[in-house]
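What follows is a short report on a single structure.
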Amino acid sequence: MPESPITPRSKDFAQWYQDVVLQGDMAEPAEVVKGCMVIKPNGYAVWENLQRELDGRFKATGHQNAYFPLLIPQSFLRREAEHVEGFAPELAVVTVAGGKELEEPYVIRPTSETIIGHFFSKWIQSWRDLPMLLNQWANVLRWELRTRMFLRTTEFLWQEGHTAHSTHEEALEEVLRILDIYAEVAEDVMAMPVVKGVKSQAEKFAGALKSYSIEAMMQNGLALQAGTSHDLGQNFGKAFGVQFQNKEGQLEYVWQTSWGVSTRLIGGLIMTHSDDKGLVLPPRLAPVKSVIVPIYRKDEERGAVLEAAQRIAKEVGAKVDDREGQSPGAKFFHWERLGVPVVMELGPRDLAAGKVVLKRRDTGAKEPVSQDGVAASVAAALDAMQKGLHAAARERLRANTVLANSIEEVESILRDSSAERGGGKFVMAYLADDPACDARVKEFKASVRNHPLVDEFDGPGKCIVTGAPVARRAVVAKAY
RNA sequence: CGGGCCGUGGCGCAGCCUGGCUAGCGCGCUUGCUUGGGGUGCAAGAGGUCCCGAGUUCAAAUCUCGGCGGCCCGACCA
């Protein structure tokens with residue numbers, strides 16, 4: 001990949017990304033298992049914070065968590081024709097268990113629509129059973145040809161929501177409600193701007209009527225699908241015989257949805273904010289929000305400084321880096337690499353002045369603040385950083401989106417990879433949802449990411465559009 | 001699965017072409033002293049199936065063949 005003109009990286013972006021993941025102590029390749037990775041405590045803590053944000057929103061909208069088996073009878077996948085066709089190439093299949101060849105192999109779930117469809121058929125009889133709103137936090141496995149840490153690993157962690165409704169309208173409401181939740185978490189929590197939209201027919205989930213996605217732009221201008229929400233129609237309802245008796249006593253098939261986000265979000269987070277010095281974590285997701293590095297020379301200084309550091313740390317909820325035998329400089333670099341939003345310096349000079357020096361990870365700006373009210377200063381800095389990261393990322397998205405008036409102009413822009421034209425850009429144009437369009441941009445290794453539901457430059461709004469008209473705005477970009 | 005690069009203490013690498021000393025270096029780690037406002041310095045130390053297998057040879061990290069694994073670029077995909 002040629003170095004993108006819109007990123008200041010000195011190194012190749014892929015290499016840079018790898019370095020940040022490793023140096024930020026987020027994860028490492030599993031080595032012993034092809035295409036898998038080990039998520040280390042730093043990375044997992046970010047995932048836990050994301051889980052908490054998402055799960056709270058799911059609960060608040062009436063969803064309940066449940067758990068379904070890892071192994072799925074192979075025949076289940078065959079029940080939905082498009083679904084099996086879409087997933088067959090990347091399935092891992094268990095054929096031997098207990099030392100014997102199995103009569104019917106199991107597949108390790110690549111996603112759980114089929115087994116959940118099976119149970120929906122047992123659990124749903126009446127309109128009174130609907131809507132059924134379930135979510136599962138789980139691992140899934142897809143034998144991808146090419147893997148990249150966090151962005152595409154063979155095994156990954158995710159949440160998958162599965163719901164059943166009595167009408168298509170209600171199902172579609174659910175699909176868009178979830179898409180809004182995803183966008184809200186991406187924007188407000190991750191500080192990662194996204195474009196909400198409907199996928200083209202060529203790009204939709206195998207077995208869905210329509211798929212909706214949030215698409216983010218990484219620092220090199222490549223798109224990243226950060227979450228999907230699917231309108232499954234009655235496809236799985238019919239495949240698994242999920243029927244209910246309506247108020248009129250008629251048997252009907254349910255309308256289903258499914259939706260998910262994965263540990264891929266962490267990859268997106270890194271590629272959105274981090275810099276050459278290492279990880280940059282938005283305050284709302286940072287496991288450690290602030291650290292105090294005490295500075296002292298003599299023993300009597302040491303006592304006074306540490307005492308003050310502990311006091312301030314308690315007040316602001318910071319961590320004190322009181323490791324002996326490490327110079328302050330080494331500690332600054334350490335926390336910088338790990339992406340801690342605010343690092344405070346506290347030495348004899350500050351002590352004498354009643355101050356403490358605050359340093360923000362994103363801007364690198366140092367500011368001495370009074371020890372009285374330091375909690376408020378830190379909170380303000382964290383808040384400013386959260387907003388600053390979001391604003392910077394949103395501006396990058398805006399600045400690197402170009403408009404085109406026709407598919408021909410889209411092609412012309414993609415052909416020209418200069419910074420002003422197609423180099424690391426989102427290209428917006430009115431396009432028909434036609435596989436021919438997908439095929440044409442694919443010539444340039446780009447794809448129709450989605451057809452936006454709201455005007456990207458109006459900021460995050462609620463999804464209001466249902467159904468795709470013949471020609472509508474589309475985002476075309478190269479993607480991970 | 002195609003093309004390219006690679007596999008040597010925890011990490012990053014040199015050595016391989018042209019086979020031969022006790023397999024080196026940097027970082028990290030341990031111990032002690034020192035230092036401390038952006039990667040202190042010194043000293044001593046621990047740590048190795050040179051990816052695996054077969055072959056050639058008196059002798060293989062090095063040469064040959066086969067495998068496995070990783071990264072980057074493609075195709076596939078969250």
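Ligands are numbered from 1 in the order shown, residues from 1 within each chain, and chains are lettered A, B, ... in the order they appear in the structure tokens.
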*Skipping near chain neighbours, those fewer than 6 positions away, what residues fall within 9 Å of range 63-65 of chain B using only C-alpha atoms (C1' of nucleotides), listed as a list in words?*
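Everything that qualifies: G19, A54, G55 and U56 of chain B.
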*Exercise answer, chain B residues close to chain A, 8 Å and only C-alpha atoms (C1' of nucleotides), as JSON, numbers by chain*: {"B": [35, 36, 37, 38, 39, 40, 69, 70, 73, 76, 77, 78]}
Write to file, as a CSV table (one decimal), in the first residue's frame, the residues of the selection just made, with C-alpha atoms (C1' of nucleotides).
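Result written to part_13.csv:
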```csv
chain,number,residue,atom,x,y,z
B,35,U,C1',20.4,8.9,38.8
B,36,G,C1',15.6,11.5,38.8
B,37,G,C1',11.1,18.1,35.5
B,38,G,C1',10.7,13.5,28.7
B,39,G,C1',13.7,6.7,27.5
B,40,U,C1',20.1,8.0,33.8
B,69,G,C1',4.1,-20.8,11.0
B,70,G,C1',4.2,-15.4,10.6
B,73,C,C1',0.2,-7.2,-1.3
B,76,C,C1',-12.8,-13.6,0.5
B,77,C,C1',-14.8,-11.1,4.7
B,78,A,C1',-17.2,-8.0,10.6
```
*asked:* What's around Thr163 in chain A at 6 Å? Count only C-alpha atoms (C1' of nucleotides), leave out sequence neighbours fewer than 6 positions away in its own chain, and write the answer as a ChimeraX atom specification.
replied: /A:132-134,256-257
Go ahead and save the residues from that selection, with C-alpha atoms, as a PDB file, in the first residue's frame.
```
ATOM      1  CA  MET A 132     -38.657 -11.419  21.602  1.00  0.00           C
ATOM      2  CA  LEU A 133     -35.538  -9.342  22.129  1.00  0.00           C
ATOM      3  CA  LEU A 134     -32.383 -11.320  22.847  1.00  0.00           C
ATOM      4  CA  GLN A 256     -36.579 -11.193  12.547  1.00  0.00           C
ATOM      5  CA  THR A 257     -33.580  -8.961  12.973  1.00  0.00           C
TER       6      THR A 257
END
```
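Between CA of Tyr44 in chain A and CA of Leu269 in chain A lies a distance of 13.3 Å.
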Close residues, Leu351 in chain A itself excluded, 9 Å, only C-alpha atoms (C1' of nucleotides), min 6 positions apart in chain, as a PDB file with C-alpha atoms, in the first residue's frame:
```pdb
ATOM      1  CA  ALA A 304       6.399  15.020  50.692  1.00  0.00           C
ATOM      2  CA  VAL A 305       5.866  14.436  46.973  1.00  0.00           C
ATOM      3  CA  ALA A 308       0.803  14.846  47.972  1.00  0.00           C
ATOM      4  CA  GLN A 371      -3.931  21.591  43.460  1.00  0.00           C
TER       5      GLN A 371
END
```
*Please provide as a VMD selection string all residues within 9 Å of Ala479 in chain A, with the sequence filter that same-chain residues fewer than 6 positions apart are discarded (counting only C-alpha atoms (C1' of nucleotides)).*
chain A and resid 217 221 to 225 445 to 447 449
_With DSSP run on the backbone, what are the strand (DSSP E or B) residues within range 228-262 of chain A? I'd like them as an MDAnalysis selection string._
chainID A and resid 228:233 243:245 251:253 255:262
Take the residues that were just selected and, keeping C-alpha atoms, output them as a PDB file, in the first residue's frame.
```
ATOM      1  CA  THR A 228     -24.199  -4.095  11.203  1.00  0.00           C
ATOM      2  CA  SER A 229     -27.916  -4.418  11.781  1.00  0.00           C
ATOM      3  CA  HIS A 230     -29.907  -6.758   9.573  1.00  0.00           C
ATOM      4  CA  ASP A 231     -33.517  -6.859   8.523  1.00  0.00           C
ATOM      5  CA  LEU A 232     -33.909 -10.606   8.089  1.00  0.00           C
ATOM      6  CA  GLY A 233     -37.498 -10.397   6.907  1.00  0.00           C
ATOM      7  CA  GLN A 243     -44.760 -19.107  13.568  1.00  0.00           C
ATOM      8  CA  PHE A 244     -47.141 -17.343  15.885  1.00  0.00           C
ATOM      9  CA  GLN A 245     -50.880 -17.013  16.099  1.00  0.00           C
ATOM     10  CA  LEU A 251     -50.675 -18.380  11.828  1.00  0.00           C
ATOM     11  CA  GLU A 252     -47.935 -16.028  10.664  1.00  0.00           C
ATOM     12  CA  TYR A 253     -44.185 -16.201  10.331  1.00  0.00           C
ATOM     13  CA  TRP A 255     -40.121 -10.983  11.230  1.00  0.00           C
ATOM     14  CA  GLN A 256     -36.579 -11.193  12.547  1.00  0.00           C
ATOM     15  CA  THR A 257     -33.580  -8.961  12.973  1.00  0.00           C
ATOM     16  CA  SER A 258     -29.983  -9.580  13.920  1.00  0.00           C
ATOM     17  CA  TRP A 259     -27.208  -7.166  14.676  1.00  0.00           C
ATOM     18  CA  GLY A 260     -23.678  -7.182  15.967  1.00  0.00           C
ATOM     19  CA  VAL A 261     -20.500  -5.385  16.793  1.00  0.00           C
ATOM     20  CA  SER A 262     -17.219  -7.071  17.571  1.00  0.00           C
TER      21      SER A 262
END
```
_Contact residues around range 409-426 of chain A with only C-alpha atoms (C1' of nucleotides) at 7 Å, ignoring same-chain residues under 5 positions, as a PyMOL selection string_ = chain A and resi 4-6+220-222+400-402+404+441+444+475-477
Write out, as a PDB file, in the first residue's frame, the residues just selected, with C-alpha atoms.
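Result file follows (selection-v5.pdb):
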```
ATOM      1  CA  SER A   4      -1.524   7.679   2.195  1.00  0.00           C
ATOM      2  CA  PRO A   5      -1.257  11.418   1.707  1.00  0.00           C
ATOM      3  CA  ILE A   6      -3.705  12.153   4.498  1.00  0.00           C
ATOM      4  CA  ASN A 220      -5.369   6.445   6.124  1.00  0.00           C
ATOM      5  CA  GLY A 221      -8.774   7.048   4.590  1.00  0.00           C
ATOM      6  CA  LEU A 222      -9.827   3.426   4.380  1.00  0.00           C
ATOM      7  CA  ASN A 400     -11.637  13.496   3.020  1.00  0.00           C
ATOM      8  CA  THR A 401     -15.039  13.055   1.500  1.00  0.00           C
ATOM      9  CA  VAL A 402     -15.411  14.102  -2.102  1.00  0.00           C
ATOM     10  CA  ALA A 404     -19.264  12.889  -7.512  1.00  0.00           C
ATOM     11  CA  VAL A 441     -16.121   0.290  -8.360  1.00  0.00           C
ATOM     12  CA  PHE A 444     -10.641   0.010  -8.475  1.00  0.00           C
ATOM     13  CA  VAL A 475     -20.441   6.063  -0.029  1.00  0.00           C
ATOM     14  CA  VAL A 476     -17.765   4.453  -2.160  1.00  0.00           C
ATOM     15  CA  ALA A 477     -14.414   3.710  -0.574  1.00  0.00           C
TER      16      ALA A 477
END
```
